[in-house]
$ cat my_file_15.cif   # mmCIF, C-alpha atoms
data_entry
#
loop_
_atom_site.label_atom_id
_atom_site.label_comp_id
_atom_site.auth_asym_id
_atom_site.auth_seq_id
_atom_site.Cartn_x
_atom_site.Cartn_y
_atom_site.Cartn_z
CA MET A 250 121.93 75.72 105.20
CA SER A 251 120.43 75.95 108.64
CA GLU A 252 121.23 73.21 111.13
CA GLU A 253 118.79 70.50 112.03
CA LYS A 254 116.31 71.63 114.70
CA ARG A 255 113.59 69.94 116.69
CA ILE A 256 110.39 71.98 116.57
CA LEU A 257 107.17 71.48 118.51
CA VAL A 258 104.05 73.05 116.95
CA VAL A 259 101.24 73.53 119.48
CA ASP A 260 97.82 74.51 118.09
CA ASP A 261 94.31 73.27 118.80
CA SER A 262 93.44 73.50 115.11
CA LEU A 263 94.49 70.49 113.08
CA VAL A 264 94.44 72.53 109.86
CA SER A 265 96.67 75.18 111.42
CA ARG A 266 99.15 72.54 112.54
CA MET A 267 99.13 71.11 109.01
CA MET A 268 99.70 74.56 107.48
CA ILE A 269 102.52 75.46 109.86
CA LYS A 270 104.23 72.12 109.37
CA LYS A 271 103.90 72.28 105.59
CA GLY A 272 105.33 75.81 105.55
CA LEU A 273 108.26 74.81 107.74
CA GLU A 274 108.88 71.62 105.76
CA ASP A 275 108.99 73.59 102.51
CA LEU A 276 111.60 76.01 103.85
CA ARG A 277 113.56 73.77 106.20
CA PRO A 278 113.09 70.12 105.18
CA GLN A 279 115.89 69.06 107.52
CA TRP A 280 114.00 70.19 110.62
CA ASN A 281 112.29 67.59 112.74
CA LEU A 282 108.67 68.61 113.35
CA SER A 283 106.35 67.39 116.09
CA GLU A 284 102.89 68.60 117.01
CA ALA A 285 100.59 68.86 120.01
CA LYS A 286 96.89 69.70 120.02
CA ASP A 287 96.95 71.54 123.34
CA SER A 288 99.24 72.81 126.08
CA GLU A 289 98.76 69.80 128.32
CA THR A 290 99.88 67.45 125.53
CA ALA A 291 102.85 69.73 124.83
CA LEU A 292 103.95 69.64 128.49
CA PHE A 293 103.67 65.87 128.47
CA MET A 294 105.77 65.70 125.28
CA VAL A 295 108.58 67.89 126.63
CA GLU A 296 109.06 65.43 129.47
CA GLU A 297 109.75 62.71 126.91
CA GLN A 298 111.62 64.57 124.16
CA GLU A 299 113.89 67.57 123.71
CA PHE A 300 112.98 70.50 121.49
CA ASP A 301 114.94 73.49 120.23
CA CYS A 302 112.03 75.76 119.30
CA PHE A 303 108.32 76.06 120.00
CA SER A 304 105.53 77.47 117.87
CA LEU A 305 102.57 78.21 120.16
CA ASP A 306 99.02 79.17 119.29
CA PHE A 307 97.57 81.73 121.71
CA ASN A 308 93.84 81.05 122.00
CA MET A 309 93.48 77.37 122.91
CA PRO A 310 91.11 75.51 125.20
CA GLY A 311 92.71 74.95 128.63
CA MET A 312 96.05 76.68 129.06
CA ASN A 313 96.62 79.46 126.51
CA GLY A 314 99.85 79.98 124.58
CA LEU A 315 101.25 82.59 126.98
CA GLU A 316 100.59 80.41 130.01
CA LEU A 317 102.30 77.54 128.20
CA MET A 318 105.24 79.81 127.31
CA ALA A 319 105.69 80.71 130.98
CA LYS A 320 105.67 77.02 131.96
CA LEU A 321 108.15 76.13 129.24
CA ASN A 322 110.41 78.94 130.45
CA ASP A 323 110.67 77.21 133.81
CA PHE A 324 112.26 74.19 132.16
CA PHE A 325 113.74 75.52 128.93
CA PRO A 326 114.60 79.19 129.38
CA GLU A 327 117.00 79.20 126.43
CA THR A 328 114.75 77.70 123.75
CA LYS A 329 112.97 79.96 121.26
CA LYS A 330 109.24 80.31 121.68
CA ALA A 331 107.03 81.99 119.09
CA LEU A 332 103.42 82.93 119.80
CA LEU A 333 101.30 82.71 116.65
CA THR A 334 98.20 84.84 117.02
CA ALA A 335 95.86 87.17 115.19
CA ASN A 336 95.28 88.86 118.52
CA ILE A 337 97.82 91.62 118.09
CA GLN A 338 96.85 93.64 121.15
CA ASP A 339 99.73 95.55 122.74
CA SER A 340 99.17 93.70 126.00
CA ILE A 341 99.71 90.33 124.30
CA GLN A 342 102.84 91.55 122.53
CA LYS A 343 104.24 92.97 125.77
CA LYS A 344 103.54 89.78 127.72
CA THR A 345 105.20 87.73 124.98
CA SER A 346 108.28 89.97 125.01
CA SER A 347 108.47 89.87 128.79
CA LEU A 348 108.55 86.08 128.57
CA GLY A 349 111.38 86.30 126.05
CA GLY A 350 109.21 85.09 123.16
CA ARG A 351 108.28 86.55 119.80
CA CYS A 352 104.82 87.34 118.42
CA ILE A 353 104.16 86.23 114.84
CA ASN A 354 100.88 87.35 113.31
CA LYS A 355 98.28 84.92 112.05
CA PRO A 356 96.82 84.14 109.56
CA ILE A 357 99.37 81.55 108.65
CA SER A 358 100.85 82.62 105.35
CA GLU A 359 104.08 82.37 103.43
CA GLU A 360 105.14 85.63 105.10
CA SER A 361 104.36 84.52 108.65
CA ILE A 362 106.15 81.21 108.12
CA LYS A 363 109.20 83.08 106.81
CA GLN A 364 109.19 85.21 109.96
CA LEU A 365 108.92 82.08 112.09
CA VAL A 366 111.83 80.43 110.29
CA ALA A 367 113.93 83.59 110.53
CA TYR A 368 113.28 83.77 114.28
CA PHE A 369 114.15 80.12 114.81
CA ASP A 370 117.30 80.60 112.69
CA GLU A 371 118.52 83.61 114.70
CA MET B 82 65.74 69.56 108.89
CA SER B 83 69.32 68.32 108.72
CA LYS B 84 71.88 70.09 110.84
CA PRO B 85 74.83 71.62 109.01
CA THR B 86 77.21 69.71 111.27
CA GLN B 87 76.16 66.52 109.51
CA GLU B 88 77.51 67.90 106.31
CA LEU B 89 80.91 69.21 107.43
CA THR B 90 83.84 66.88 107.96
CA GLU B 91 85.98 67.17 111.08
CA LEU B 92 88.71 68.91 109.08
CA GLU B 93 86.27 71.36 107.50
CA LEU B 94 84.79 72.22 110.90
CA ASP B 95 88.29 72.64 112.32
CA LEU B 96 89.23 75.07 109.55
CA LEU B 97 85.99 77.03 109.82
CA THR B 98 86.55 77.45 113.57
CA GLU B 99 90.13 78.54 112.98
CA LEU B 100 89.04 81.12 110.38
CA PHE B 101 86.75 82.70 112.97
CA ASN B 102 89.36 82.32 115.70
CA VAL B 103 91.82 84.37 113.66
CA GLY B 104 89.10 86.85 112.67
CA ILE B 105 87.97 87.40 116.22
CA GLY B 106 91.57 87.82 117.34
CA ARG B 107 91.76 90.79 114.98
CA SER B 108 88.45 92.09 116.33
CA ALA B 109 89.84 92.02 119.85
CA SER B 110 92.91 93.94 118.71
CA ALA B 111 90.74 96.62 117.10
CA LEU B 112 88.52 96.84 120.18
CA SER B 113 91.55 97.00 122.45
CA GLU B 114 92.85 100.01 120.51
CA MET B 115 89.49 101.77 120.61
CA LEU B 116 88.85 101.18 124.29
CA LYS B 117 92.48 101.43 125.41
CA GLN B 118 92.48 98.28 127.47
CA GLU B 119 93.17 94.58 127.24
CA ILE B 120 90.34 92.46 125.83
CA LYS B 121 90.22 88.84 126.95
CA LEU B 122 88.69 86.31 124.60
CA SER B 123 87.20 82.91 125.19
CA VAL B 124 87.86 80.08 122.77
CA PRO B 125 85.28 80.24 119.94
CA GLU B 126 82.42 77.85 120.31
CA ILE B 127 80.38 76.50 117.45
CA SER B 128 76.87 75.39 118.13
CA PHE B 129 74.10 74.08 115.96
CA CYS B 130 70.75 75.02 117.35
CA SER B 131 67.56 76.92 116.70
CA LEU B 132 67.34 80.66 117.25
CA GLU B 133 65.04 79.94 120.18
CA GLU B 134 67.76 77.87 121.83
CA LEU B 135 70.38 80.52 121.12
CA LEU B 136 68.25 83.18 122.77
CA GLN B 137 68.11 81.16 126.01
CA GLN B 138 71.73 82.23 126.63
CA PHE B 139 70.71 85.87 126.93
CA LYS B 140 67.58 85.44 129.02
CA SER B 141 69.23 86.69 132.19
CA GLU B 142 69.83 90.16 130.74
CA ASP B 143 67.12 92.82 130.94
CA SER B 144 68.24 94.49 127.79
CA ILE B 145 70.95 93.87 125.22
CA ILE B 146 72.69 96.25 122.89
CA SER B 147 73.41 94.66 119.55
CA ILE B 148 75.15 95.84 116.44
CA SER B 149 74.44 93.49 113.59
CA GLN B 150 75.58 93.38 110.02
CA ASP B 151 74.42 91.16 107.21
CA ILE B 152 77.32 89.73 105.32
CA SER B 153 77.22 88.16 101.89
CA GLY B 154 79.97 86.57 99.86
CA PRO B 155 81.52 83.10 99.81
CA PHE B 156 78.81 82.34 102.35
CA ASP B 157 76.12 84.51 103.89
CA MET B 158 75.88 85.19 107.58
CA GLN B 159 74.69 87.65 110.15
CA SER B 160 77.36 89.04 112.46
CA MET B 161 76.49 90.45 115.85
CA LEU B 162 78.34 92.24 118.58
CA LEU B 163 76.36 92.10 121.82
CA PHE B 164 76.80 93.91 125.11
CA PRO B 165 74.53 93.96 128.16
CA GLU B 166 72.82 97.32 128.36
CA SER B 167 73.87 97.57 132.00
CA GLY B 168 77.56 97.98 131.10
CA SER B 169 77.08 100.13 128.04
CA LEU B 170 77.91 103.52 129.57
CA ASP B 171 81.23 102.16 130.86
CA VAL B 172 82.08 101.03 127.33
CA ILE B 173 81.23 104.46 125.90
CA ARG B 174 83.37 106.22 128.53
CA ALA B 175 86.26 103.86 127.80
CA MET B 176 85.99 104.93 124.17
CA LEU B 177 85.31 108.64 124.52
CA GLY B 178 86.62 109.60 127.94
CA ASP B 179 85.68 109.45 131.62
CA HIS B 180 84.49 113.02 131.61
CA LEU B 181 81.19 112.15 129.90
CA SER B 182 78.07 112.56 132.01
CA ASP B 183 75.50 109.75 132.04
CA GLU B 184 73.22 111.93 129.97
CA MET B 185 75.87 112.63 127.34
CA ALA B 186 77.04 109.00 127.25
CA THR B 187 73.43 107.83 126.78
CA GLU B 188 72.96 110.31 123.97
CA LEU B 189 76.05 108.97 122.21
CA GLN B 190 75.15 105.34 122.80
CA GLN B 191 73.88 104.49 119.34
CA GLU B 192 76.65 106.25 117.44
CA ALA B 193 79.41 104.92 119.67
CA PHE B 194 78.24 101.31 119.53
CA THR B 195 77.58 101.44 115.82
CA GLU B 196 81.17 102.59 115.30
CA ILE B 197 82.53 99.94 117.66
CA GLY B 198 80.50 97.23 115.92
CA ASN B 199 81.49 98.36 112.48
CA ILE B 200 85.21 98.38 113.23
CA VAL B 201 85.21 95.17 115.26
CA LEU B 202 83.13 93.16 112.80
CA ASN B 203 84.99 94.51 109.77
CA ALA B 204 88.34 93.61 111.33
CA CYS B 205 87.11 90.05 111.68
CA ILE B 206 85.53 89.71 108.26
CA GLY B 207 88.42 91.43 106.52
CA ILE B 208 90.91 88.87 107.69
CA ILE B 209 88.56 85.94 106.96
CA ALA B 210 88.09 87.23 103.40
CA LYS B 211 91.86 87.45 103.03
CA MET B 212 92.31 83.88 104.19
CA LEU B 213 89.61 82.66 101.79
CA ASP B 214 91.08 84.83 99.04
CA ASP B 215 87.58 86.16 98.35
CA THR B 216 85.38 89.16 99.04
CA PHE B 217 82.50 89.69 101.42
CA THR B 218 79.98 92.49 101.10
CA ILE B 219 79.13 93.94 104.47
CA ASP B 220 75.87 95.84 104.95
CA LEU B 221 75.66 98.89 107.16
CA PRO B 222 75.61 98.16 110.89
CA LYS B 223 72.22 98.08 112.56
CA PHE B 224 71.98 99.16 116.17
CA SER B 225 69.34 97.91 118.55
CA ASP B 226 68.71 98.04 122.27
CA GLU B 227 66.20 95.28 122.91
CA LYS B 228 64.97 92.74 125.33
CA PRO B 229 66.78 89.45 124.60
CA GLU B 230 63.68 87.80 123.12
CA ASN B 231 63.48 90.50 120.45
CA LEU B 232 67.10 90.22 119.31
CA PHE B 233 66.27 88.53 116.03
CA LYS B 234 62.89 90.01 115.36
CA ARG B 235 64.11 91.92 112.31
CA SER B 236 66.33 89.08 111.11
CA TYR B 237 65.61 87.06 108.01
CA LEU B 238 66.06 83.97 110.19
CA HIS B 239 63.03 82.33 111.75
CA ASP B 240 62.78 80.95 115.27
CA SER B 241 62.73 77.24 114.53
CA GLN B 242 65.41 77.32 111.84
CA ILE B 243 68.59 75.42 112.62
CA ILE B 244 71.51 77.79 112.57
CA MET B 245 75.24 77.43 112.94
CA SER B 246 76.46 79.90 115.50
CA MET B 247 80.06 80.82 116.30
CA GLN B 248 80.34 82.64 119.56
CA VAL B 249 83.11 84.18 121.59
CA ASP B 250 82.93 85.99 124.91
CA LEU B 251 85.05 89.08 125.19
CA THR B 252 85.82 90.81 128.45
CA LEU B 253 86.99 94.38 128.84
CA THR B 254 89.51 93.88 131.61
CA SER B 255 89.51 97.44 133.01
CA ASN B 256 85.74 97.85 132.97
CA CYS B 257 84.81 94.23 133.81
CA VAL B 258 82.16 94.26 131.08
CA SER B 259 81.62 91.12 129.05
CA GLY B 260 80.29 91.13 125.53
CA HIS B 261 79.71 88.57 122.90
CA ILE B 262 80.49 88.22 119.20
CA ALA B 263 78.31 85.85 117.22
CA PHE B 264 78.25 84.83 113.59
CA ILE B 265 75.08 83.14 112.55
CA LEU B 266 74.88 81.10 109.42
CA GLY B 267 71.29 80.35 108.54
CA SER B 268 70.01 79.07 105.23
CA VAL B 269 73.45 78.41 103.94
CA SER B 270 74.58 76.29 101.11
CA MET B 271 76.93 73.88 102.78
CA ASP B 272 78.30 72.94 99.38
CA ASN B 273 79.40 76.51 98.98
CA ILE B 274 81.15 76.63 102.34
CA LYS B 275 82.70 73.22 101.82
CA GLY B 276 84.04 74.31 98.44
CA HIS B 277 85.83 77.29 99.94
CA LEU B 278 87.19 75.35 102.91
CA ASN B 279 88.45 72.53 100.74
CA LYS B 280 90.32 74.91 98.49
CA ILE B 281 92.47 75.71 101.53
CA ILE B 282 92.59 72.15 102.87
CA ASN B 283 93.66 70.76 99.51
CA GLY B 284 96.53 73.23 99.40
CA VAL B 285 98.01 71.95 102.66
#

$ encode --input "my_file_15.cif" --output "structure tokens"
Amino acid sequence: MSEEKRILVVDDSLVSRMMIKKGLEDLRPQWNLSEAKDSETALFMVEEQEFDCFSLDFNMPGMNGLELMAKLNDFFPETKKALLTANIQDSIQKKTSSLGGRCINKPISEESIKQLVAYFDE
Amino acid sequence: MSKPTQELTELELDLLTELFNVGIGRSASALSEMLKQEIKLSVPEISFCSLEELLQQFKSEDSIISISQDISGPFDMQSMLLFPESGSLDVIRAMLGDHLSDEMATELQQEAFTEIGNIVLNACIGIIAKMLDDTFTIDLPKFSDEKPENLFKRSYLHDSQIIMSMQVDLTLTSNCVSGHIAFILGSVSMDNIKGHLNKIINGV
């Protein structure tokens, strides 16, 4: 059984946050899940709480997921950061890798949630 | 006439936007492969307006290239990929090579854009259909090079009709050309859309 982890799900879509959280809850009920509707809220939350892993949407109003990943790296270089996106352009994948993160393809499905869990469990 | 927004809940609207967000992400990936460069996307914007109001956004362009496809299935819509005519030769050269003369690129304009539109719009619709667990029928792409005011002249939509429009700006980073993807839902049955959206929402 995987250890308890604190996960922050950042996505501007409420339904997406619900789907990601439900998928994670089903596979890892012991994980503690929090959510933020945009990057600014996420940055505010990390000042107040600690997280072990981040699930970041890419295309959000304001700061996008890659910009948020770079900011999070300044403070939490060791935490795992996944970028969930349907935008599977090479340039996005390369930028994610260069920031030490992992791209997981949307749409959110059983398969993509399994990949997310496997990455967070690594 | 009631606006569709009055009939969709916040959660339904959120999911509909996300479906198109994911779909357009796939479109950008397909376009990036075809044009061998990074495509930047804006966040999708939903608006409820008349066609006349929608056309105001394009008034500054002399001429617009559009590739449109009528789509039927869980709900009917018209999809459009739009580029300003002024940047069109750059787009064709990005696709087919810098060696093309202006004359040759102009000659290939219709075929090149029809292919781009077909692949980009199908990438988007394909993934939306998968998420809805349903099938869309996509008509053949129609190419046009028109003044903005004539963009919808062959559409089944009429000027004063309230439409729901999802729009995203896409920018070809190497060529500095900006295009536009729009999905226009006209005389739609909101009950139909709501039914499909709620199937997903109820499963969460």

$ closest_residue --input "my_file_15.cif" --among "A:Val264, A:Ala285, A:Met318, A:Leu276" --to "B:Asn279" --atoms "all atoms listed in the file"
A:Val264

$ closest_residue --input "my_file_15.cif" --among "A:Leu332, A:Ala319, A:Met268, A:Leu273" --to "A:Asn354" --atoms "only C-alpha atoms"
A:Leu332

$ resolve_selection --input "my_file_15.cif" --expression "the PyMOL selection byres ((chain B) within 10 of (chain A))" --output "PyMOL selection string"
chain B and resi 91-100+102-114+117-125+205+208-209+211-212+281-282+284-285

$ write_last_selection --input "my_file_15.cif" --atoms "C-alpha atoms" --output "mmCIF file, in the coordinates of the input"
data_model
loop_
_atom_site.group_PDB
_atom_site.id
_atom_site.type_symbol
_atom_site.label_atom_id
_atom_site.label_comp_id
_atom_site.auth_asym_id
_atom_site.auth_seq_id
_atom_site.Cartn_x
_atom_site.Cartn_y
_atom_site.Cartn_z
ATOM 1 C CA GLU B 91 85.980 67.170 111.080
ATOM 2 C CA LEU B 92 88.710 68.910 109.080
ATOM 3 C CA GLU B 93 86.270 71.360 107.500
ATOM 4 C CA LEU B 94 84.790 72.220 110.900
ATOM 5 C CA ASP B 95 88.290 72.640 112.320
ATOM 6 C CA LEU B 96 89.230 75.070 109.550
ATOM 7 C CA LEU B 97 85.990 77.030 109.820
ATOM 8 C CA THR B 98 86.550 77.450 113.570
ATOM 9 C CA GLU B 99 90.130 78.540 112.980
ATOM 10 C CA LEU B 100 89.040 81.120 110.380
ATOM 11 C CA ASN B 102 89.360 82.320 115.700
ATOM 12 C CA VAL B 103 91.820 84.370 113.660
ATOM 13 C CA GLY B 104 89.100 86.850 112.670
ATOM 14 C CA ILE B 105 87.970 87.400 116.220
ATOM 15 C CA GLY B 106 91.570 87.820 117.340
ATOM 16 C CA ARG B 107 91.760 90.790 114.980
ATOM 17 C CA SER B 108 88.450 92.090 116.330
ATOM 18 C CA ALA B 109 89.840 92.020 119.850
ATOM 19 C CA SER B 110 92.910 93.940 118.710
ATOM 20 C CA ALA B 111 90.740 96.620 117.100
ATOM 21 C CA LEU B 112 88.520 96.840 120.180
ATOM 22 C CA SER B 113 91.550 97.000 122.450
ATOM 23 C CA GLU B 114 92.850 100.010 120.510
ATOM 24 C CA LYS B 117 92.480 101.430 125.410
ATOM 25 C CA GLN B 118 92.480 98.280 127.470
ATOM 26 C CA GLU B 119 93.170 94.580 127.240
ATOM 27 C CA ILE B 120 90.340 92.460 125.830
ATOM 28 C CA LYS B 121 90.220 88.840 126.950
ATOM 29 C CA LEU B 122 88.690 86.310 124.600
ATOM 30 C CA SER B 123 87.200 82.910 125.190
ATOM 31 C CA VAL B 124 87.860 80.080 122.770
ATOM 32 C CA PRO B 125 85.280 80.240 119.940
ATOM 33 C CA CYS B 205 87.110 90.050 111.680
ATOM 34 C CA ILE B 208 90.910 88.870 107.690
ATOM 35 C CA ILE B 209 88.560 85.940 106.960
ATOM 36 C CA LYS B 211 91.860 87.450 103.030
ATOM 37 C CA MET B 212 92.310 83.880 104.190
ATOM 38 C CA ILE B 281 92.470 75.710 101.530
ATOM 39 C CA ILE B 282 92.590 72.150 102.870
ATOM 40 C CA GLY B 284 96.530 73.230 99.400
ATOM 41 C CA VAL B 285 98.010 71.950 102.660
#

$ residues_near_point --input "my_file_15.cif" --point "(82.2, 94.5, 129.7)" --cutoff "8 Å" --atoms "only C-alpha atoms" --output "MDAnalysis selection string"
chainID B and resid 164:165 168:169 171:172 251:254 256:260

$ write_last_selection --input "my_file_15.cif" --atoms "C-alpha atoms" --output "tab-separated table (two decimals), in the coordinates of the input"
chain	number	residue	atom	x	y	z
B	164	PHE	CA	76.80	93.91	125.11
B	165	PRO	CA	74.53	93.96	128.16
B	168	GLY	CA	77.56	97.98	131.10
B	169	SER	CA	77.08	100.13	128.04
B	171	ASP	CA	81.23	102.16	130.86
B	172	VAL	CA	82.08	101.03	127.33
B	251	LEU	CA	85.05	89.08	125.19
B	252	THR	CA	85.82	90.81	128.45
B	253	LEU	CA	86.99	94.38	128.84
B	254	THR	CA	89.51	93.88	131.61
B	256	ASN	CA	85.74	97.85	132.97
B	257	CYS	CA	84.81	94.23	133.81
B	258	VAL	CA	82.16	94.26	131.08
B	259	SER	CA	81.62	91.12	129.05
B	260	GLY	CA	80.29	91.13	125.53

$ resolve_selection --input "my_file_15.cif" --expression "the PyMOL selection byres ((chain B and resi 220) around 8)" --output "compact mmCIF listing (two decimals) with C-alpha atoms, in the frame of the given file"
# COMPACT_ATOMS: atom_id res chain seq x y z
CA GLN B 150 75.58 93.38 110.02
CA ASP B 151 74.42 91.16 107.21
CA ILE B 152 77.32 89.73 105.32
CA THR B 218 79.98 92.49 101.10
CA ILE B 219 79.13 93.94 104.47
CA LEU B 221 75.66 98.89 107.16
CA PRO B 222 75.61 98.16 110.89

$ residues_around --input "my_file_15.cif" --residues "B:Asp183" --least-positions-apart "2" --cutoff "10 Å" --atoms "all atoms listed in the file" --output "MDAnalysis selection string"
chainID B and resid 170:171 173:174 180:181 185:189

$ residues_around --input "my_file_15.cif" --residues "stretch 367-371 of chain A" --least-positions-apart "6" --cutoff "10 Å" --atoms "only C-alpha atoms" --output "PyMOL selection string"
chain A and resi 251-252+254+256+301-304+328-331+350-351+353+361

$ atom_distance --input "my_file_15.cif" --atom1 "atom CA of B:Ile274" --atom2 "atom CA of B:Leu213"
10.4 Å

$ closest_residue --input "my_file_15.cif" --among "A:Gly349, A:Val295, A:Leu365, A:Lys344" --to "A:Pro326" --atoms "all atoms listed in the file"
A:Gly349

$ atom_distance --input "my_file_15.cif" --atom1 "atom CA of B:Asp179" --atom2 "atom CA of B:Thr195"
19.5 Å

$ resolve_selection --input "my_file_15.cif" --expression "the PyMOL selection byres ((chain B and resi 216) around 9)" --output "list in words"
Ser153, Gly154, Pro155, Gly207, Ala210, Lys211, Leu213, Asp214, Asp215, Phe217 and Thr218 of chain B

$ residues_around --input "my_file_15.cif" --residues "A:Phe293" --least-positions-apart "3" --cutoff "12 Å" --atoms "only C-alpha atoms" --output "MDAnalysis selection string"
chainID A and resid 257 284:290 296:299 317 320:321

$ atom_distance --input "my_file_15.cif" --atom1 "atom CA of B:Ile206" --atom2 "atom CA of B:Lys234"
23.7 Å

$ closest_residue --input "my_file_15.cif" --among "B:Met115, B:Leu163, B:Ile265, B:Leu89" --to "B:Ser246" --atoms "only C-alpha atoms"
B:Ile265

$ decode --input "my_file_15.cif" --residues "stretch 95-119 of chain B" --atoms "N, CA and C atoms" --output "mmCIF file, in the first residue's frame"
data_model
loop_
_atom_site.group_PDB
_atom_site.id
_atom_site.type_symbol
_atom_site.label_atom_id
_atom_site.label_comp_id
_atom_site.auth_asym_id
_atom_site.auth_seq_id
_atom_site.Cartn_x
_atom_site.Cartn_y
_atom_site.Cartn_z
ATOM 1 N N ASP B 95 -19.188 24.424 -17.481
ATOM 2 C CA ASP B 95 -17.797 24.102 -17.147
ATOM 3 C C ASP B 95 -17.336 22.864 -17.931
ATOM 4 N N LEU B 96 -18.181 21.841 -17.937
ATOM 5 C CA LEU B 96 -17.809 20.597 -18.629
ATOM 6 C C LEU B 96 -17.753 20.812 -20.137
ATOM 7 N N LEU B 97 -18.709 21.544 -20.667
ATOM 8 C CA LEU B 97 -18.720 21.803 -22.117
ATOM 9 C C LEU B 97 -17.445 22.552 -22.530
ATOM 10 N N THR B 98 -17.050 23.540 -21.733
ATOM 11 C CA THR B 98 -15.817 24.283 -22.025
ATOM 12 C C THR B 98 -14.616 23.357 -21.966
ATOM 13 N N GLU B 99 -14.597 22.489 -20.970
ATOM 14 C CA GLU B 99 -13.460 21.573 -20.812
ATOM 15 C C GLU B 99 -13.376 20.586 -21.980
ATOM 16 N N LEU B 100 -14.547 20.120 -22.451
ATOM 17 C CA LEU B 100 -14.540 19.213 -23.602
ATOM 18 C C LEU B 100 -13.846 19.881 -24.788
ATOM 19 N N PHE B 101 -14.187 21.143 -25.028
ATOM 20 C CA PHE B 101 -13.587 21.856 -26.155
ATOM 21 C C PHE B 101 -12.125 22.213 -25.872
ATOM 22 N N ASN B 102 -11.829 22.469 -24.623
ATOM 23 C CA ASN B 102 -10.443 22.759 -24.241
ATOM 24 C C ASN B 102 -9.536 21.568 -24.580
ATOM 25 N N VAL B 103 -9.991 20.392 -24.211
ATOM 26 C CA VAL B 103 -9.225 19.174 -24.501
ATOM 27 C C VAL B 103 -9.159 18.965 -26.016
ATOM 28 N N GLY B 104 -10.310 19.138 -26.676
ATOM 29 C CA GLY B 104 -10.360 18.938 -28.125
ATOM 30 C C GLY B 104 -9.415 19.875 -28.859
ATOM 31 N N ILE B 105 -9.408 21.120 -28.457
ATOM 32 C CA ILE B 105 -8.570 22.100 -29.150
ATOM 33 C C ILE B 105 -7.091 21.883 -28.824
ATOM 34 N N GLY B 106 -6.822 21.335 -27.653
ATOM 35 C CA GLY B 106 -5.444 20.949 -27.331
ATOM 36 C C GLY B 106 -4.928 19.939 -28.348
ATOM 37 N N ARG B 107 -5.789 18.965 -28.688
ATOM 38 C CA ARG B 107 -5.398 17.963 -29.684
ATOM 39 C C ARG B 107 -5.240 18.597 -31.066
ATOM 40 N N SER B 108 -6.104 19.568 -31.358
ATOM 41 C CA SER B 108 -5.988 20.275 -32.643
ATOM 42 C C SER B 108 -4.641 20.960 -32.748
ATOM 43 N N ALA B 109 -4.229 21.597 -31.670
ATOM 44 C CA ALA B 109 -2.956 22.322 -31.674
ATOM 45 C C ALA B 109 -1.801 21.348 -31.883
ATOM 46 N N SER B 110 -1.916 20.162 -31.275
ATOM 47 C CA SER B 110 -0.855 19.162 -31.441
ATOM 48 C C SER B 110 -0.771 18.740 -32.900
ATOM 49 N N ALA B 111 -1.938 18.515 -33.519
ATOM 50 C CA ALA B 111 -1.950 18.090 -34.929
ATOM 51 C C ALA B 111 -1.378 19.201 -35.812
ATOM 52 N N LEU B 112 -1.761 20.427 -35.524
ATOM 53 C CA LEU B 112 -1.285 21.562 -36.329
ATOM 54 C C LEU B 112 0.225 21.760 -36.138
ATOM 55 N N SER B 113 0.677 21.557 -34.916
ATOM 56 C CA SER B 113 2.095 21.701 -34.619
ATOM 57 C C SER B 113 2.919 20.696 -35.434
ATOM 58 N N GLU B 114 2.402 19.479 -35.537
ATOM 59 C CA GLU B 114 3.103 18.455 -36.329
ATOM 60 C C GLU B 114 3.123 18.828 -37.801
ATOM 61 N N MET B 115 1.992 19.315 -38.291
ATOM 62 C CA MET B 115 1.918 19.652 -39.725
ATOM 63 C C MET B 115 2.798 20.836 -40.084
ATOM 64 N N LEU B 116 2.850 21.825 -39.199
ATOM 65 C CA LEU B 116 3.554 23.061 -39.529
ATOM 66 C C LEU B 116 4.937 23.137 -38.882
ATOM 67 N N LYS B 117 5.277 22.094 -38.157
ATOM 68 C CA LYS B 117 6.620 21.958 -37.566
ATOM 69 C C LYS B 117 7.007 23.169 -36.719
ATOM 70 N N GLN B 118 6.119 23.576 -35.876
ATOM 71 C CA GLN B 118 6.428 24.672 -34.962
ATOM 72 C C GLN B 118 5.451 24.646 -33.783
ATOM 73 N N GLU B 119 5.814 25.385 -32.760
ATOM 74 C CA GLU B 119 4.950 25.438 -31.576
ATOM 75 C C GLU B 119 3.714 26.296 -31.861
#
